[in-house]
Amino acid sequence: MLPMTHLTKVALLLAPLSLALPGVARANTCEVGQAVFEPTGTRGVFTLRASEDQGQLLWHLVIQKTGETFPFRTETDPTGQTWLVSQPRDGEDPGIRTTLRMLDGKGTETQDRRAVSGVAVFDFWRVFSEYRTRKGQRFEPETNPPANLWDLTECRAK
């Protein structure tokens with residue numbers, strides 16, 4: 001039998017990994033209007049559900065602890081920045097506005113709504129803290145959504 005060199009051993013060990021890693025490295029994608037997102041590393045606390053109505057991208061943020069649902073619409077300003085803008089809820093507009101970036105399967109910002117793997121929501125925690133302060137509500141960590149990446153967790157059927 002021929003002796004195995006160190007390089008041959010490494011190649012044999014890495015071969016199965018090279019088959020498994022492509023599936024791990026690629027994120028699942030979904031058409032954004034059917035997508036459900038949750039913050040990276042946090043499951044079952046906050047849910048951000050997207051939908052479309054006559055081409056308008058709409059969102060519903062659900063806070064599990066309180067059972068609150070906040071509706072948002074998407075706006076794009078002249079510079080191309082996308083914003084989540086709150087819509088009236090229980091007869092009043094919460095006045096919440098924060099930036100949103102859609103991410104493709106590689107985690108790169110995209111405007112292509114057909115293949116989104118996640119969203120980056122900036123300032124969510126801060127704008128919800130300000131909203132709760134205006135409302136005279138107590139601060140509780142599980143009631144303010146985090147400002148970070150939100151992963152695709154479900155792709156609903158059309």
# chains A, B, ... in the order shown; residues from 1 in each chain; ligands from 1
>>> residues_around(residues="Leu103 of chain A", least_positions_apart="6", cutoff="6 Å", atoms="only C-alpha atoms", output="CSV table (one decimal) with N, CA and C atoms, in the first residue's frame")
chain,number,residue,atom,x,y,z
A,109,GLU,N,-26.9,44.3,-0.6
A,109,GLU,CA,-28.1,45.1,-0.8
A,109,GLU,C,-28.7,45.0,-2.2
A,110,THR,N,-30.0,44.9,-2.3
A,110,THR,CA,-30.6,44.7,-3.6
A,110,THR,C,-31.9,45.5,-3.7
A,116,VAL,N,-35.1,37.8,-2.1
A,116,VAL,CA,-34.6,38.5,-0.9
A,116,VAL,C,-34.4,37.4,0.1
A,117,SER,N,-33.2,37.5,0.8
A,117,SER,CA,-32.9,36.5,1.9
A,117,SER,C,-32.9,37.2,3.3
A,118,GLY,N,-33.0,38.5,3.3
A,118,GLY,CA,-33.1,39.1,4.6
A,118,GLY,C,-33.3,40.6,4.4
A,119,VAL,N,-33.4,41.3,5.5
A,119,VAL,CA,-33.5,42.8,5.5
A,119,VAL,C,-32.6,43.3,6.6
>>> closest_atom_pairs(of="segment 56-135 of chain A", to="segment 30-43 of chain A", cutoff="10 Å", atoms="only C-alpha atoms", output="Markdown table")
| residue | atom | partner | partner_atom | distance |
| --- | --- | --- | --- | --- |
| A:Gln56 | CA | A:Gly33 | CA | 9.5 |
| A:Leu57 | CA | A:Gly33 | CA | 6.9 |
| A:Leu58 | CA | A:Gly33 | CA | 8.0 |
| A:Trp59 | CA | A:Gly33 | CA | 8.9 |
| A:His60 | CA | A:Val36 | CA | 9.5 |
| A:Leu61 | CA | A:Phe37 | CA | 9.5 |
| A:Val62 | CA | A:Glu38 | CA | 10.0 |
| A:Met102 | CA | A:Val32 | CA | 8.5 |
| A:Asp104 | CA | A:Cys30 | CA | 9.3 |
| A:Gly105 | CA | A:Cys30 | CA | 9.3 |
| A:Asp112 | CA | A:Glu31 | CA | 8.7 |
| A:Arg113 | CA | A:Val32 | CA | 5.3 |
| A:Arg114 | CA | A:Glu31 | CA | 4.1 |
| A:Ala115 | CA | A:Cys30 | CA | 4.9 |
| A:Val116 | CA | A:Cys30 | CA | 5.3 |
| A:Ser117 | CA | A:Cys30 | CA | 6.5 |
| A:Gly118 | CA | A:Phe37 | CA | 6.8 |
| A:Val119 | CA | A:Phe37 | CA | 7.6 |
| A:Ala120 | CA | A:Pro39 | CA | 9.2 |
| A:Val121 | CA | A:Pro39 | CA | 9.4 |
>>> write_last_selection(atoms="N, CA and C atoms", output="mmCIF file, in the first residue's frame")
data_model
loop_
_atom_site.group_PDB
_atom_site.id
_atom_site.type_symbol
_atom_site.label_atom_id
_atom_site.label_comp_id
_atom_site.auth_asym_id
_atom_site.auth_seq_id
_atom_site.Cartn_x
_atom_site.Cartn_y
_atom_site.Cartn_z
ATOM 1 N N GLN A 56 -47.499 48.292 -4.030
ATOM 2 C CA GLN A 56 -46.993 48.948 -2.817
ATOM 3 C C GLN A 56 -46.526 47.880 -1.833
ATOM 4 N N LEU A 57 -45.289 47.983 -1.384
ATOM 5 C CA LEU A 57 -44.746 47.038 -0.417
ATOM 6 C C LEU A 57 -45.195 47.448 0.984
ATOM 7 N N LEU A 58 -45.896 46.527 1.658
ATOM 8 C CA LEU A 58 -46.431 46.772 3.001
ATOM 9 C C LEU A 58 -45.792 45.796 3.985
ATOM 10 N N TRP A 59 -45.752 46.196 5.261
ATOM 11 C CA TRP A 59 -45.114 45.391 6.301
ATOM 12 C C TRP A 59 -45.986 45.392 7.550
ATOM 13 N N HIS A 60 -45.899 44.301 8.319
ATOM 14 C CA HIS A 60 -46.537 44.236 9.632
ATOM 15 C C HIS A 60 -45.497 43.716 10.616
ATOM 16 N N LEU A 61 -45.169 44.539 11.593
ATOM 17 C CA LEU A 61 -44.273 44.137 12.666
ATOM 18 C C LEU A 61 -45.132 43.605 13.802
ATOM 19 N N VAL A 62 -44.879 42.356 14.217
ATOM 20 C CA VAL A 62 -45.612 41.755 15.329
ATOM 21 C C VAL A 62 -44.645 41.598 16.500
ATOM 22 N N MET A 102 -33.052 45.760 1.639
ATOM 23 C CA MET A 102 -33.306 44.361 1.284
ATOM 24 C C MET A 102 -31.987 43.718 0.870
ATOM 25 N N ASP A 104 -29.907 40.296 -0.855
ATOM 26 C CA ASP A 104 -30.040 39.141 -1.743
ATOM 27 C C ASP A 104 -29.449 37.901 -1.076
ATOM 28 N N GLY A 105 -29.367 36.811 -1.799
ATOM 29 C CA GLY A 105 -28.869 35.551 -1.268
ATOM 30 C C GLY A 105 -27.432 35.591 -0.785
ATOM 31 N N ASP A 112 -34.021 44.179 -6.071
ATOM 32 C CA ASP A 112 -34.764 43.108 -6.732
ATOM 33 C C ASP A 112 -35.669 42.419 -5.708
ATOM 34 N N ARG A 113 -36.964 42.642 -5.821
ATOM 35 C CA ARG A 113 -37.927 42.085 -4.871
ATOM 36 C C ARG A 113 -38.168 40.593 -5.056
ATOM 37 N N ARG A 114 -37.657 40.026 -6.144
ATOM 38 C CA ARG A 114 -37.940 38.621 -6.458
ATOM 39 C C ARG A 114 -37.110 37.633 -5.656
ATOM 40 N N ALA A 115 -35.983 38.030 -5.111
ATOM 41 C CA ALA A 115 -35.084 37.088 -4.435
ATOM 42 C C ALA A 115 -34.401 37.758 -3.242
ATOM 43 N N VAL A 116 -35.119 37.844 -2.128
ATOM 44 C CA VAL A 116 -34.610 38.497 -0.924
ATOM 45 C C VAL A 116 -34.362 37.433 0.146
ATOM 46 N N SER A 117 -33.202 37.515 0.817
ATOM 47 C CA SER A 117 -32.857 36.541 1.864
ATOM 48 C C SER A 117 -32.940 37.150 3.261
ATOM 49 N N GLY A 118 -33.048 38.464 3.330
ATOM 50 C CA GLY A 118 -33.113 39.136 4.618
ATOM 51 C C GLY A 118 -33.284 40.628 4.413
ATOM 52 N N VAL A 119 -33.436 41.331 5.522
ATOM 53 C CA VAL A 119 -33.499 42.788 5.488
ATOM 54 C C VAL A 119 -32.624 43.341 6.602
ATOM 55 N N ALA A 120 -32.093 44.508 6.382
ATOM 56 C CA ALA A 120 -31.356 45.232 7.417
ATOM 57 C C ALA A 120 -32.231 46.420 7.802
ATOM 58 N N VAL A 121 -32.603 46.474 9.061
ATOM 59 C CA VAL A 121 -33.460 47.550 9.551
ATOM 60 C C VAL A 121 -32.644 48.362 10.550
#
>>> select_by_dssp(residues="segment 1-151 of chain A", states="strand (DSSP E)", output="ChimeraX atom specification")
/A:35-39,46-53,56-63,68-76,82-86,97-103,109-110,118-121,149-151
>>> residues_around(residues="segment 74-83 of chain A", least_positions_apart="4", cutoff="6 Å", atoms="only C-alpha atoms", output="list in words")
Leu57, Thr98, Thr99 and Leu100 of chain A
>>> write_last_selection(atoms="C-alpha atoms", output="mmCIF file, in the first residue's frame")
data_model
loop_
_atom_site.group_PDB
_atom_site.id
_atom_site.type_symbol
_atom_site.label_atom_id
_atom_site.label_comp_id
_atom_site.auth_asym_id
_atom_site.auth_seq_id
_atom_site.Cartn_x
_atom_site.Cartn_y
_atom_site.Cartn_z
ATOM 1 C CA LEU A 57 -44.746 47.038 -0.417
ATOM 2 C CA THR A 98 -36.552 53.981 9.855
ATOM 3 C CA THR A 99 -34.337 52.868 6.996
ATOM 4 C CA LEU A 100 -34.645 49.440 5.396
#
>>> atom_distance(atom1="atom CA of Phe122 of chain A", atom2="atom CA of Thr143 of chain A")
16.3 Å
>>> select_by_dssp(residues="segment 2-157 of chain A", states="helix (DSSP H, G or I)", output="MDAnalysis selection string")
chainID A and resid 6:25 32:34 124:135 141:143
>>> atom_distance(atom1="atom CA of Val127 of chain A", atom2="atom CA of Gly55 of chain A")
26.4 Å
>>> atom_distance(atom1="atom CA of Lys158 of chain A", atom2="atom CA of Asp93 of chain A")
29.2 Å
